[in-house]
Amino acid sequence: MHELTIVESIIDILRGQVKGKITSIKLRIGEMSGVVPDALRFSFQIASEGTIAEGATLYIEHVPLTAKCSDCSETFHIQNYCFECYMCGGSNFKVITGRELMIEEVEVED
């Protein structure tokens, strides 16, 4: 379960950047990031014990996997990892969202 390692890294990053107790953390997690949100929430409860994030609320924003077709310029949601433009059937495209794994916002109590 790599989610535990991810959460530990997030807490370490915040420990070095934040003064005070964290009350909430908002993450942006892309559909293709390989992170299971429920496993991340569970890991957060365990890893945050005894840290500046203990008791904090974890919010997760799901970012869909989207791409822009280079052939017809259509922007589309890639569903079921079918890497094909639904408009023209082309496979010449650029993924524009869905690989994110980032800390979007942190609320801190002084």
# chains A, B, ... in the order shown; residues from 1 in each chain; ligands from 1
call {"tool": "residues_around", "arguments": {"residues": "A:Gly98", "least_positions_apart": "4", "cutoff": "10 Å", "atoms": "only C-alpha atoms", "output": "ChimeraX atom specification"}}
result
/A:28-33,62-67,77-78
call {"tool": "write_last_selection", "arguments": {"atoms": "N, CA, C and O atoms", "output": "PDB file, in the first residue's frame"}}
result
ATOM      1  N   ARG A  28      -5.409  17.313  -4.612  1.00  0.00           N
ATOM      2  CA  ARG A  28      -5.930  17.069  -5.972  1.00  0.00           C
ATOM      3  C   ARG A  28      -5.308  15.766  -6.441  1.00  0.00           C
ATOM      4  O   ARG A  28      -4.077  15.669  -6.537  1.00  0.00           O
ATOM      5  N   ILE A  29      -6.149  14.788  -6.726  1.00  0.00           N
ATOM      6  CA  ILE A  29      -5.652  13.481  -7.119  1.00  0.00           C
ATOM      7  C   ILE A  29      -6.253  13.102  -8.465  1.00  0.00           C
ATOM      8  O   ILE A  29      -7.474  13.010  -8.616  1.00  0.00           O
ATOM      9  N   GLY A  30      -5.381  12.894  -9.424  1.00  0.00           N
ATOM     10  CA  GLY A  30      -5.807  12.538 -10.767  1.00  0.00           C
ATOM     11  C   GLY A  30      -6.227  11.082 -10.872  1.00  0.00           C
ATOM     12  O   GLY A  30      -5.717  10.214 -10.162  1.00  0.00           O
ATOM     13  N   GLU A  31      -7.141  10.854 -11.773  1.00  0.00           N
ATOM     14  CA  GLU A  31      -7.687   9.523 -12.019  1.00  0.00           C
ATOM     15  C   GLU A  31      -6.593   8.512 -12.389  1.00  0.00           C
ATOM     16  O   GLU A  31      -6.694   7.332 -12.070  1.00  0.00           O
ATOM     17  N   MET A  32      -5.528   8.980 -13.027  1.00  0.00           N
ATOM     18  CA  MET A  32      -4.460   8.093 -13.477  1.00  0.00           C
ATOM     19  C   MET A  32      -3.224   8.160 -12.575  1.00  0.00           C
ATOM     20  O   MET A  32      -2.159   7.671 -12.930  1.00  0.00           O
ATOM     21  N   SER A  33      -3.374   8.734 -11.384  1.00  0.00           N
ATOM     22  CA  SER A  33      -2.238   8.872 -10.478  1.00  0.00           C
ATOM     23  C   SER A  33      -1.848   7.556  -9.815  1.00  0.00           C
ATOM     24  O   SER A  33      -0.752   7.441  -9.274  1.00  0.00           O
ATOM     25  N   HIS A  62     -11.138  14.864  -6.857  1.00  0.00           N
ATOM     26  CA  HIS A  62     -10.874  13.907  -7.928  1.00  0.00           C
ATOM     27  C   HIS A  62     -10.735  14.666  -9.249  1.00  0.00           C
ATOM     28  O   HIS A  62     -11.593  15.465  -9.605  1.00  0.00           O
ATOM     29  N   VAL A  63      -9.627  14.423  -9.963  1.00  0.00           N
ATOM     30  CA  VAL A  63      -9.389  15.085 -11.242  1.00  0.00           C
ATOM     31  C   VAL A  63      -9.522  14.036 -12.346  1.00  0.00           C
ATOM     32  O   VAL A  63      -8.774  13.053 -12.374  1.00  0.00           O
ATOM     33  N   PRO A  64     -10.487  14.205 -13.248  1.00  0.00           N
ATOM     34  CA  PRO A  64     -10.689  13.214 -14.304  1.00  0.00           C
ATOM     35  C   PRO A  64      -9.527  13.174 -15.302  1.00  0.00           C
ATOM     36  O   PRO A  64      -8.807  14.161 -15.471  1.00  0.00           O
ATOM     37  N   LEU A  65      -9.378  12.044 -15.927  1.00  0.00           N
ATOM     38  CA  LEU A  65      -8.360  11.853 -16.957  1.00  0.00           C
ATOM     39  C   LEU A  65      -8.909  12.415 -18.266  1.00  0.00           C
ATOM     40  O   LEU A  65      -9.871  11.890 -18.824  1.00  0.00           O
ATOM     41  N   THR A  66      -8.323  13.538 -18.715  1.00  0.00           N
ATOM     42  CA  THR A  66      -8.782  14.166 -19.952  1.00  0.00           C
ATOM     43  C   THR A  66      -7.617  14.354 -20.915  1.00  0.00           C
ATOM     44  O   THR A  66      -6.458  14.422 -20.498  1.00  0.00           O
ATOM     45  N   ALA A  67      -7.965  14.455 -22.169  1.00  0.00           N
ATOM     46  CA  ALA A  67      -6.958  14.629 -23.215  1.00  0.00           C
ATOM     47  C   ALA A  67      -7.499  15.558 -24.296  1.00  0.00           C
ATOM     48  O   ALA A  67      -8.700  15.773 -24.395  1.00  0.00           O
ATOM     49  N   HIS A  77     -12.885  13.157 -22.079  1.00  0.00           N
ATOM     50  CA  HIS A  77     -12.600  12.362 -20.890  1.00  0.00           C
ATOM     51  C   HIS A  77     -12.234  10.948 -21.344  1.00  0.00           C
ATOM     52  O   HIS A  77     -12.991  10.323 -22.080  1.00  0.00           O
ATOM     53  N   ILE A  78     -11.092  10.487 -20.927  1.00  0.00           N
ATOM     54  CA  ILE A  78     -10.673   9.120 -21.253  1.00  0.00           C
ATOM     55  C   ILE A  78     -11.363   8.197 -20.257  1.00  0.00           C
ATOM     56  O   ILE A  78     -11.137   8.291 -19.055  1.00  0.00           O
TER      57      ILE A  78
END
call {"tool": "residues_around", "arguments": {"residues": "stretch 43-56 of chain A", "least_positions_apart": "4", "cutoff": "9 Å", "atoms": "only C-alpha atoms", "output": "ChimeraX atom specification"}}
result
/A:1,3-8,11,14-15,18-25,38-39,107
call {"tool": "write_last_selection", "arguments": {"atoms": "N, CA and C atoms", "output": "short mmCIF file (atom, residue, chain, number, x, y, z; two decimals), in the first residue's frame"}}
result
data_model
loop_
_atom_site.label_atom_id
_atom_site.label_comp_id
_atom_site.auth_asym_id
_atom_site.auth_seq_id
_atom_site.Cartn_x
_atom_site.Cartn_y
_atom_site.Cartn_z
N MET A 1 0.85 -1.17 0.00
CA MET A 1 0.00 0.00 0.00
C MET A 1 0.90 1.24 0.00
N GLU A 3 -0.02 4.20 -0.54
CA GLU A 3 -0.72 5.38 -0.03
C GLU A 3 -0.16 5.83 1.33
N LEU A 4 0.26 4.88 2.15
CA LEU A 4 0.84 5.23 3.45
C LEU A 4 2.11 6.04 3.26
N THR A 5 2.96 5.63 2.33
CA THR A 5 4.19 6.36 2.04
C THR A 5 3.88 7.76 1.50
N ILE A 6 2.86 7.86 0.67
CA ILE A 6 2.45 9.16 0.12
C ILE A 6 2.00 10.09 1.24
N VAL A 7 1.17 9.58 2.14
CA VAL A 7 0.68 10.40 3.25
C VAL A 7 1.82 10.82 4.17
N GLU A 8 2.73 9.91 4.45
CA GLU A 8 3.88 10.26 5.28
C GLU A 8 4.71 11.36 4.63
N ILE A 11 2.84 14.72 5.02
CA ILE A 11 2.99 15.25 6.38
C ILE A 11 4.40 15.79 6.59
N LEU A 14 4.66 19.19 4.87
CA LEU A 14 3.94 20.22 5.61
C LEU A 14 4.62 20.55 6.93
N ARG A 15 5.22 19.56 7.57
CA ARG A 15 5.92 19.80 8.83
C ARG A 15 7.02 20.85 8.63
N VAL A 18 4.82 24.48 7.59
CA VAL A 18 3.68 25.02 8.33
C VAL A 18 4.04 25.26 9.78
N LYS A 19 3.63 26.40 10.29
CA LYS A 19 3.77 26.70 11.71
C LYS A 19 2.36 26.63 12.31
N GLY A 20 2.17 25.76 13.26
CA GLY A 20 0.86 25.60 13.89
C GLY A 20 0.28 24.24 13.60
N LYS A 21 -0.94 24.03 14.08
CA LYS A 21 -1.63 22.75 13.90
C LYS A 21 -2.48 22.79 12.64
N ILE A 22 -2.36 21.76 11.84
CA ILE A 22 -3.14 21.66 10.60
C ILE A 22 -4.56 21.21 10.94
N THR A 23 -5.54 21.92 10.41
CA THR A 23 -6.94 21.55 10.63
C THR A 23 -7.56 20.87 9.41
N SER A 24 -7.04 21.17 8.23
CA SER A 24 -7.52 20.48 7.04
C SER A 24 -6.48 20.54 5.92
N ILE A 25 -6.55 19.52 5.08
CA ILE A 25 -5.67 19.42 3.92
C ILE A 25 -6.55 19.06 2.73
N ASP A 38 -9.73 5.99 -0.95
CA ASP A 38 -10.12 5.38 0.32
C ASP A 38 -8.91 4.88 1.09
N ALA A 39 -7.95 4.30 0.40
CA ALA A 39 -6.72 3.83 1.04
C ALA A 39 -5.92 5.02 1.56
N GLU A 107 -5.24 24.31 5.77
CA GLU A 107 -5.73 25.25 6.77
C GLU A 107 -4.99 24.97 8.07
#
call {"tool": "residues_around", "arguments": {"residues": "stretch 89-91 of chain A", "least_positions_apart": "6", "cutoff": "8 Å", "atoms": "only C-alpha atoms", "output": "short mmCIF file (atom, residue, chain, number, x, y, z; two decimals) with all heavy atoms, in the first residue's frame"}}
result
data_model
loop_
_atom_site.label_atom_id
_atom_site.label_comp_id
_atom_site.auth_asym_id
_atom_site.auth_seq_id
_atom_site.Cartn_x
_atom_site.Cartn_y
_atom_site.Cartn_z
N CYS A 69 -7.31 15.95 -28.41
CA CYS A 69 -6.95 15.27 -29.65
C CYS A 69 -6.19 16.22 -30.58
O CYS A 69 -6.62 17.35 -30.82
CB CYS A 69 -8.21 14.76 -30.34
SG CYS A 69 -7.89 13.86 -31.87
N ASP A 71 -5.70 15.60 -33.70
CA ASP A 71 -6.27 15.50 -35.04
C ASP A 71 -7.52 16.38 -35.23
O ASP A 71 -7.64 17.08 -36.22
CB ASP A 71 -6.63 14.04 -35.37
CG ASP A 71 -5.40 13.15 -35.40
OD1 ASP A 71 -4.31 13.65 -35.79
OD2 ASP A 71 -5.51 11.97 -35.04
N PHE A 83 -7.73 4.80 -24.73
CA PHE A 83 -6.97 5.96 -25.22
C PHE A 83 -7.24 6.18 -26.70
O PHE A 83 -6.39 5.96 -27.55
CB PHE A 83 -5.48 5.77 -24.93
CG PHE A 83 -5.17 5.81 -23.46
CD1 PHE A 83 -5.12 4.65 -22.72
CD2 PHE A 83 -4.96 7.02 -22.83
CE1 PHE A 83 -4.84 4.69 -21.36
CE2 PHE A 83 -4.68 7.08 -21.47
CZ PHE A 83 -4.63 5.91 -20.74
#
